[in-house]
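For reference, the structure is listed below as structure tokens.
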Amino acid sequence: MTDKPLKANERPPAGAEEAAGPAARDAAGPGQACPAPSPQERGVWRKIMDRFADHCRARSLFVLHYCTGCGAIELPPTITSRFDMERVGITPMVTPRQADILLITGYLSIKTLKRVILSYEQMPAPKYVLGFGSCTINGGMYWNSYATVKRLDQYIPTDLFIAGCMPRPEAVQQVLLQLIEDIDSGRANAWRDYYRNYDFYLGNQQALFGPKWNTPTDVIGEAEHYGLAGEGTYGPHTKLLAESGGTPMELARAERPARAITGRRKP
Amino acid sequence: MTIPAPLDEVLGELPLVAARLTAPRRVRVDARPENLPALLELLKGRLGFFHLSAISCVDWLEEGQFELVYHVWSDKLKLLLSAHVRIPREPGEYVSIYDLHEPAGFFERDIHEMFGVVFDGALSLDRFILTSWDGPPPMRKDFDARKYAEETFSTVNYHPDWLKDIEAAGGGLEE
């Protein structure tokens, strides 16, 4: 919070007003801000393979077993026998490296957001983010809190939101079915936006965590690998990465070499 | 319903402001800042008030004071005693009781972070929960959380059509 290189609302929230229904479409707008590859980019064979891969992918999804805030309480009934999302191929997964869906279940404090971003960047693409509850849309009941992030989609690209406080398991079920439909039809492309507009997301992250913020994942390298690096990938904020001097863990260690104990000790 | 005799006797040894029973097993003591460490030591030594369950802080902005409340529990008397002290808001300094009750290290660090009270002799006054924070202590009454949130975070303007219909009929979300 020392440096504010970018006012967080510089980019207009395109289509964000729709974030109302139980399974509202994302502000980042799959198919608008981050379109799927155009037919010119892909040959016919690749297009067929893409569609086939999307079709298969939509039928087996792992939700990262990472819960923030209070919304996690709605997930046991969603996953277990009452609603049983395993019927449609969705099941919890313990590590981000094998997960497809990051379900943000509730409010995010600034500290939690750091961990969410670290987890998100470890997930292999294609990856999907679902914002659960009013807190991820506009802060919810924490709208005037100093420590709680208001809009999730300013920091990581979000596919779908579920409005409500709390959303019932039916709503979670509905949004997961919507996600399956979106993946199957090739519309769930929010993850591409993280690579295409990395500078925007990184700028917002730096506005909260300070200019030294860096993560162990080489996002720009991944963007180039996926062929998604564009104008929005590089910018003033990504330049700071080179100067930040290390990952958050390395920086934390450098800041506090030893645990300083001030004052008198126990006699 | 009166304060148990052994406790009354110990409390009588110090010039306290007031002591009264607020519930069958709860005693509220208003102490002077200079007497509080002595009071806690007496209670611990004679009546078994070993368990410091919390230290809380209240910011009295108009009166220019911080109120610190030390909650101690006695296994011997089966009684929770809350010792209140008021310290001046500026400079907001007080003495640590870490050498008397070890858990105080945790509470004092928390109060230092949230209210900016400096405890002399505390275990540690490093940043604790708000790791990236460098603003004013956020739990002080003069910290404008709403203004800070508006400056730091962006929000979505949400005004759908169905709400406009309700507003036209005289309802709506506006205050």
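Residues in the structure tokens are named by chain (A, B, ... in the order shown) and by number from 1 within that chain; ligands are numbered from 1 in the order shown.
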Select residues of chain B: the criterion is any atom within 6 Å of an atom of chain A, counting only C-alpha atoms; output as a PDB file with C-alpha atoms, in the first residue's frame.
ATOM      1  CA  ASP B  99       6.669 -10.660  32.846  1.00  0.00           C
ATOM      2  CA  GLY B 121       8.782  -3.909  27.932  1.00  0.00           C
ATOM      3  CA  ALA B 122       6.471  -5.819  25.598  1.00  0.00           C
ATOM      4  CA  LEU B 123       7.645  -9.072  24.037  1.00  0.00           C
ATOM      5  CA  SER B 124       7.414  -7.718  20.512  1.00  0.00           C
ATOM      6  CA  ALA B 145     -12.299   3.345   7.224  1.00  0.00           C
ATOM      7  CA  ARG B 146     -14.923   4.261   4.643  1.00  0.00           C
ATOM      8  CA  ALA B 149     -11.750   1.914   1.404  1.00  0.00           C
ATOM      9  CA  SER B 154     -12.825   0.242  -6.648  1.00  0.00           C
ATOM     10  CA  THR B 155     -16.437  -0.873  -6.653  1.00  0.00           C
ATOM     11  CA  TYR B 158     -24.829  -1.741  -9.734  1.00  0.00           C
TER      12      TYR B 158
END
(request) Can you check which residues of range 108-142 of chain B DSSP gives as helix (DSSP H, G or I) on the backbone and send them as an MDAnalysis selection string? (result) chainID B and resid 108:115
For the residues selected in the previous step, produce a file with N, CA and C atoms as a PDB file, in the first residue's frame.
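Output file part-v4.pdb is given in full below:
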ATOM      1  N   GLU B 108      -0.753  -7.584  23.609  1.00  0.00           N
ATOM      2  CA  GLU B 108      -0.156  -6.248  23.530  1.00  0.00           C
ATOM      3  C   GLU B 108       0.325  -5.939  22.118  1.00  0.00           C
ATOM      4  N   ARG B 109       0.815  -6.947  21.444  1.00  0.00           N
ATOM      5  CA  ARG B 109       1.238  -6.740  20.063  1.00  0.00           C
ATOM      6  C   ARG B 109       0.033  -6.403  19.189  1.00  0.00           C
ATOM      7  N   ASP B 110      -1.080  -7.094  19.453  1.00  0.00           N
ATOM      8  CA  ASP B 110      -2.314  -6.856  18.712  1.00  0.00           C
ATOM      9  C   ASP B 110      -2.835  -5.442  18.967  1.00  0.00           C
ATOM     10  N   ILE B 111      -2.850  -5.019  20.234  1.00  0.00           N
ATOM     11  CA  ILE B 111      -3.363  -3.680  20.571  1.00  0.00           C
ATOM     12  C   ILE B 111      -2.438  -2.612  20.000  1.00  0.00           C
ATOM     13  N   HIS B 112      -1.141  -2.888  20.017  1.00  0.00           N
ATOM     14  CA  HIS B 112      -0.214  -1.923  19.430  1.00  0.00           C
ATOM     15  C   HIS B 112      -0.495  -1.746  17.948  1.00  0.00           C
ATOM     16  N   GLU B 113      -0.796  -2.829  17.268  1.00  0.00           N
ATOM     17  CA  GLU B 113      -1.043  -2.731  15.830  1.00  0.00           C
ATOM     18  C   GLU B 113      -2.364  -2.037  15.530  1.00  0.00           C
ATOM     19  N   MET B 114      -3.399  -2.373  16.304  1.00  0.00           N
ATOM     20  CA  MET B 114      -4.729  -1.863  15.991  1.00  0.00           C
ATOM     21  C   MET B 114      -4.982  -0.471  16.558  1.00  0.00           C
ATOM     22  N   PHE B 115      -4.354  -0.114  17.691  1.00  0.00           N
ATOM     23  CA  PHE B 115      -4.633   1.171  18.326  1.00  0.00           C
ATOM     24  C   PHE B 115      -3.395   2.059  18.450  1.00  0.00           C
TER      25      PHE B 115
END
(request) List every residue of range 36-132 of chain B that DSSP, applied to the backbone, labels as strand (DSSP E), and write the result as a PyMOL selection string. (result) chain B and resi 51-60+65-74+79-88+93-95+118-120
Hey, can you spit out that residue selection with N, CA and C atoms as an mmCIF file, in the first residue's frame?
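Ended up saving to again35.cif:
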data_model
loop_
_atom_site.group_PDB
_atom_site.id
_atom_site.type_symbol
_atom_site.label_atom_id
_atom_site.label_comp_id
_atom_site.auth_asym_id
_atom_site.auth_seq_id
_atom_site.Cartn_x
_atom_site.Cartn_y
_atom_site.Cartn_z
ATOM 1 N N HIS B 51 -4.942 -17.033 34.911
ATOM 2 C CA HIS B 51 -5.290 -17.075 33.488
ATOM 3 C C HIS B 51 -5.694 -15.698 32.980
ATOM 4 N N LEU B 52 -4.819 -15.085 32.176
ATOM 5 C CA LEU B 52 -5.173 -13.836 31.498
ATOM 6 C C LEU B 52 -5.870 -14.220 30.200
ATOM 7 N N SER B 53 -7.196 -14.029 30.147
ATOM 8 C CA SER B 53 -7.888 -14.514 28.945
ATOM 9 C C SER B 53 -7.882 -13.484 27.830
ATOM 10 N N ALA B 54 -7.785 -12.203 28.133
ATOM 11 C CA ALA B 54 -7.718 -11.203 27.063
ATOM 12 C C ALA B 54 -7.319 -9.857 27.641
ATOM 13 N N ILE B 55 -6.757 -9.029 26.755
ATOM 14 C CA ILE B 55 -6.645 -7.600 27.054
ATOM 15 C C ILE B 55 -7.408 -6.908 25.937
ATOM 16 N N SER B 56 -8.373 -6.094 26.290
ATOM 17 C CA SER B 56 -9.071 -5.371 25.233
ATOM 18 C C SER B 56 -8.825 -3.886 25.379
ATOM 19 N N CYS B 57 -9.072 -3.170 24.299
ATOM 20 C CA CYS B 57 -8.789 -1.741 24.273
ATOM 21 C C CYS B 57 -10.006 -1.024 23.705
ATOM 22 N N VAL B 58 -10.344 0.107 24.307
ATOM 23 C CA VAL B 58 -11.443 0.944 23.810
ATOM 24 C C VAL B 58 -10.888 2.337 23.590
ATOM 25 N N ASP B 59 -11.233 2.919 22.458
ATOM 26 C CA ASP B 59 -10.765 4.267 22.147
ATOM 27 C C ASP B 59 -11.857 5.266 22.502
ATOM 28 N N TRP B 60 -11.624 6.069 23.537
ATOM 29 C CA TRP B 60 -12.582 7.124 23.905
ATOM 30 C C TRP B 60 -12.062 8.419 23.317
ATOM 31 N N GLN B 65 -8.838 9.406 25.737
ATOM 32 C CA GLN B 65 -8.293 8.316 26.555
ATOM 33 C C GLN B 65 -8.410 6.980 25.828
ATOM 34 N N PHE B 66 -7.500 6.088 26.164
ATOM 35 C CA PHE B 66 -7.659 4.674 25.818
ATOM 36 C C PHE B 66 -8.044 3.939 27.087
ATOM 37 N N GLU B 67 -9.003 3.037 26.969
ATOM 38 C CA GLU B 67 -9.358 2.211 28.115
ATOM 39 C C GLU B 67 -8.827 0.808 27.850
ATOM 40 N N LEU B 68 -7.989 0.320 28.757
ATOM 41 C CA LEU B 68 -7.480 -1.044 28.633
ATOM 42 C C LEU B 68 -8.198 -1.913 29.653
ATOM 43 N N VAL B 69 -8.652 -3.071 29.205
ATOM 44 C CA VAL B 69 -9.385 -3.970 30.096
ATOM 45 C C VAL B 69 -8.643 -5.304 30.158
ATOM 46 N N TYR B 70 -8.224 -5.661 31.369
ATOM 47 C CA TYR B 70 -7.495 -6.919 31.569
ATOM 48 C C TYR B 70 -8.457 -7.924 32.190
ATOM 49 N N HIS B 71 -8.679 -9.023 31.483
ATOM 50 C CA HIS B 71 -9.604 -10.043 31.979
ATOM 51 C C HIS B 71 -8.800 -11.201 32.558
ATOM 52 N N VAL B 72 -8.947 -11.434 33.835
ATOM 53 C CA VAL B 72 -8.220 -12.545 34.474
ATOM 54 C C VAL B 72 -9.214 -13.475 35.173
ATOM 55 N N TRP B 73 -8.920 -14.738 35.099
ATOM 56 C CA TRP B 73 -9.810 -15.764 35.659
ATOM 57 C C TRP B 73 -9.093 -16.473 36.797
ATOM 58 N N SER B 74 -9.831 -16.687 37.880
ATOM 59 C CA SER B 74 -9.266 -17.403 39.020
ATOM 60 C C SER B 74 -9.863 -18.801 39.095
ATOM 61 N N LEU B 79 -13.974 -17.215 39.197
ATOM 62 C CA LEU B 79 -14.478 -15.857 39.034
ATOM 63 C C LEU B 79 -13.650 -15.116 37.985
ATOM 64 N N LEU B 80 -14.334 -14.352 37.139
ATOM 65 C CA LEU B 80 -13.645 -13.564 36.110
ATOM 66 C C LEU B 80 -13.595 -12.107 36.547
ATOM 67 N N LEU B 81 -12.385 -11.580 36.630
ATOM 68 C CA LEU B 81 -12.216 -10.199 37.062
ATOM 69 C C LEU B 81 -11.764 -9.363 35.869
ATOM 70 N N SER B 82 -12.448 -8.252 35.637
ATOM 71 C CA SER B 82 -12.067 -7.340 34.556
ATOM 72 C C SER B 82 -11.540 -6.058 35.169
ATOM 73 N N ALA B 83 -10.247 -5.826 34.969
ATOM 74 C CA ALA B 83 -9.628 -4.631 35.538
ATOM 75 C C ALA B 83 -9.531 -3.559 34.456
ATOM 76 N N HIS B 84 -10.209 -2.426 34.685
ATOM 77 C CA HIS B 84 -10.222 -1.341 33.703
ATOM 78 C C HIS B 84 -9.237 -0.256 34.114
ATOM 79 N N VAL B 85 -8.443 0.185 33.162
ATOM 80 C CA VAL B 85 -7.623 1.384 33.399
ATOM 81 C C VAL B 85 -7.813 2.329 32.228
ATOM 82 N N ARG B 86 -7.682 3.623 32.516
ATOM 83 C CA ARG B 86 -7.755 4.629 31.453
ATOM 84 C C ARG B 86 -6.388 5.295 31.357
ATOM 85 N N ILE B 87 -5.843 5.321 30.138
ATOM 86 C CA ILE B 87 -4.562 6.004 29.951
ATOM 87 C C ILE B 87 -4.781 7.133 28.952
ATOM 88 N N PRO B 88 -3.949 8.199 29.022
ATOM 89 C CA PRO B 88 -4.121 9.296 28.070
ATOM 90 C C PRO B 88 -3.904 8.817 26.636
ATOM 91 N N GLU B 93 1.011 5.536 25.997
ATOM 92 C CA GLU B 93 2.045 4.596 26.440
ATOM 93 C C GLU B 93 1.617 3.954 27.752
ATOM 94 N N TYR B 94 1.951 2.702 27.877
ATOM 95 C CA TYR B 94 1.634 2.007 29.123
ATOM 96 C C TYR B 94 2.677 0.933 29.355
ATOM 97 N N VAL B 95 2.623 0.327 30.536
ATOM 98 C CA VAL B 95 3.642 -0.655 30.879
ATOM 99 C C VAL B 95 3.142 -2.062 30.509
ATOM 100 N N VAL B 118 1.730 1.974 22.844
ATOM 101 C CA VAL B 118 3.082 1.425 23.003
ATOM 102 C C VAL B 118 3.210 0.859 24.410
ATOM 103 N N PHE B 119 3.570 -0.412 24.490
ATOM 104 C CA PHE B 119 3.733 -1.050 25.798
ATOM 105 C C PHE B 119 5.220 -1.151 26.111
ATOM 106 N N ASP B 120 5.612 -0.543 27.199
ATOM 107 C CA ASP B 120 7.015 -0.566 27.594
ATOM 108 C C ASP B 120 7.360 -1.961 28.119
#
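For the pair CA of Gly186 in chain A and CA of Gly89 in chain A, the separation is 17.9 Å.
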(message) Taking 3 positions as the minimum chain separation for residues in the same chain, which residues sit within 9 Å of Leu11 in chain B when counting only C-alpha atoms? Answer as a PyMOL selection string.
(response) chain B and resi 6-8+14-16+19+29+39+42-43
(request) In Å, rounded to a single decimal, give me how far CA of Lys47 in chain A is from CA of Val88 in chain A. (result) 25.2 Å
Compile the contact shell of Ala18 in chain B as a PDB file with N, CA and C atoms, in the first residue's frame: residues with an atom at most 9 Å away, counting only C-alpha atoms, same-chain residues fewer than 3 positions apart removed.
ATOM      1  N   ARG B  28     -16.075  -6.257  38.239  1.00  0.00           N
ATOM      2  CA  ARG B  28     -15.454  -5.169  37.480  1.00  0.00           C
ATOM      3  C   ARG B  28     -14.686  -4.294  38.451  1.00  0.00           C
ATOM      4  N   VAL B  29     -13.401  -4.075  38.132  1.00  0.00           N
ATOM      5  CA  VAL B  29     -12.556  -3.230  38.972  1.00  0.00           C
ATOM      6  C   VAL B  29     -12.067  -2.073  38.124  1.00  0.00           C
ATOM      7  N   ASP B  30     -12.252  -0.845  38.614  1.00  0.00           N
ATOM      8  CA  ASP B  30     -11.649   0.308  37.953  1.00  0.00           C
ATOM      9  C   ASP B  30     -10.408   0.684  38.735  1.00  0.00           C
ATOM     10  N   ALA B  31      -9.252   0.591  38.054  1.00  0.00           N
ATOM     11  CA  ALA B  31      -7.987   0.821  38.749  1.00  0.00           C
ATOM     12  C   ALA B  31      -7.314   2.062  38.188  1.00  0.00           C
TER      13      ALA B  31
END
Mind checking which residues fall within 12 Å of Asp50 in chain A, counting only C-alpha atoms, ignoring those fewer than 5 positions away in the same chain, and posting them as a short mmCIF file (atom, residue, chain, number, x, y, z; two decimals) with C-alpha atoms, in the first residue's frame?
data_model
loop_
_atom_site.label_atom_id
_atom_site.label_comp_id
_atom_site.auth_asym_id
_atom_site.auth_seq_id
_atom_site.Cartn_x
_atom_site.Cartn_y
_atom_site.Cartn_z
CA ALA A 36 -11.14 -17.16 -28.07
CA PRO A 37 -8.57 -17.57 -30.85
CA PRO A 39 -10.43 -18.69 -37.05
CA ARG A 42 -6.24 -21.60 -35.90
CA GLY A 43 -6.38 -24.09 -38.73
CA VAL A 44 -9.44 -26.28 -39.26
CA TRP A 45 -7.83 -29.34 -37.69
CA HIS A 55 -15.92 -31.11 -24.74
CA CYS A 56 -13.82 -33.63 -22.80
CA ARG A 57 -12.48 -31.04 -20.37
CA PRO A 126 -6.94 -23.67 -18.73
CA ILE A 183 -16.28 -24.66 -21.27
CA ASP A 184 -18.03 -27.03 -23.64
CA SER A 185 -18.90 -24.20 -26.01
CA GLY A 186 -15.45 -22.58 -25.71
CA ARG A 187 -16.63 -19.43 -23.93
#
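Taking CA of Met123 in chain A and CA of Leu228 in chain A as endpoints, the distance between them is 16.6 Å.
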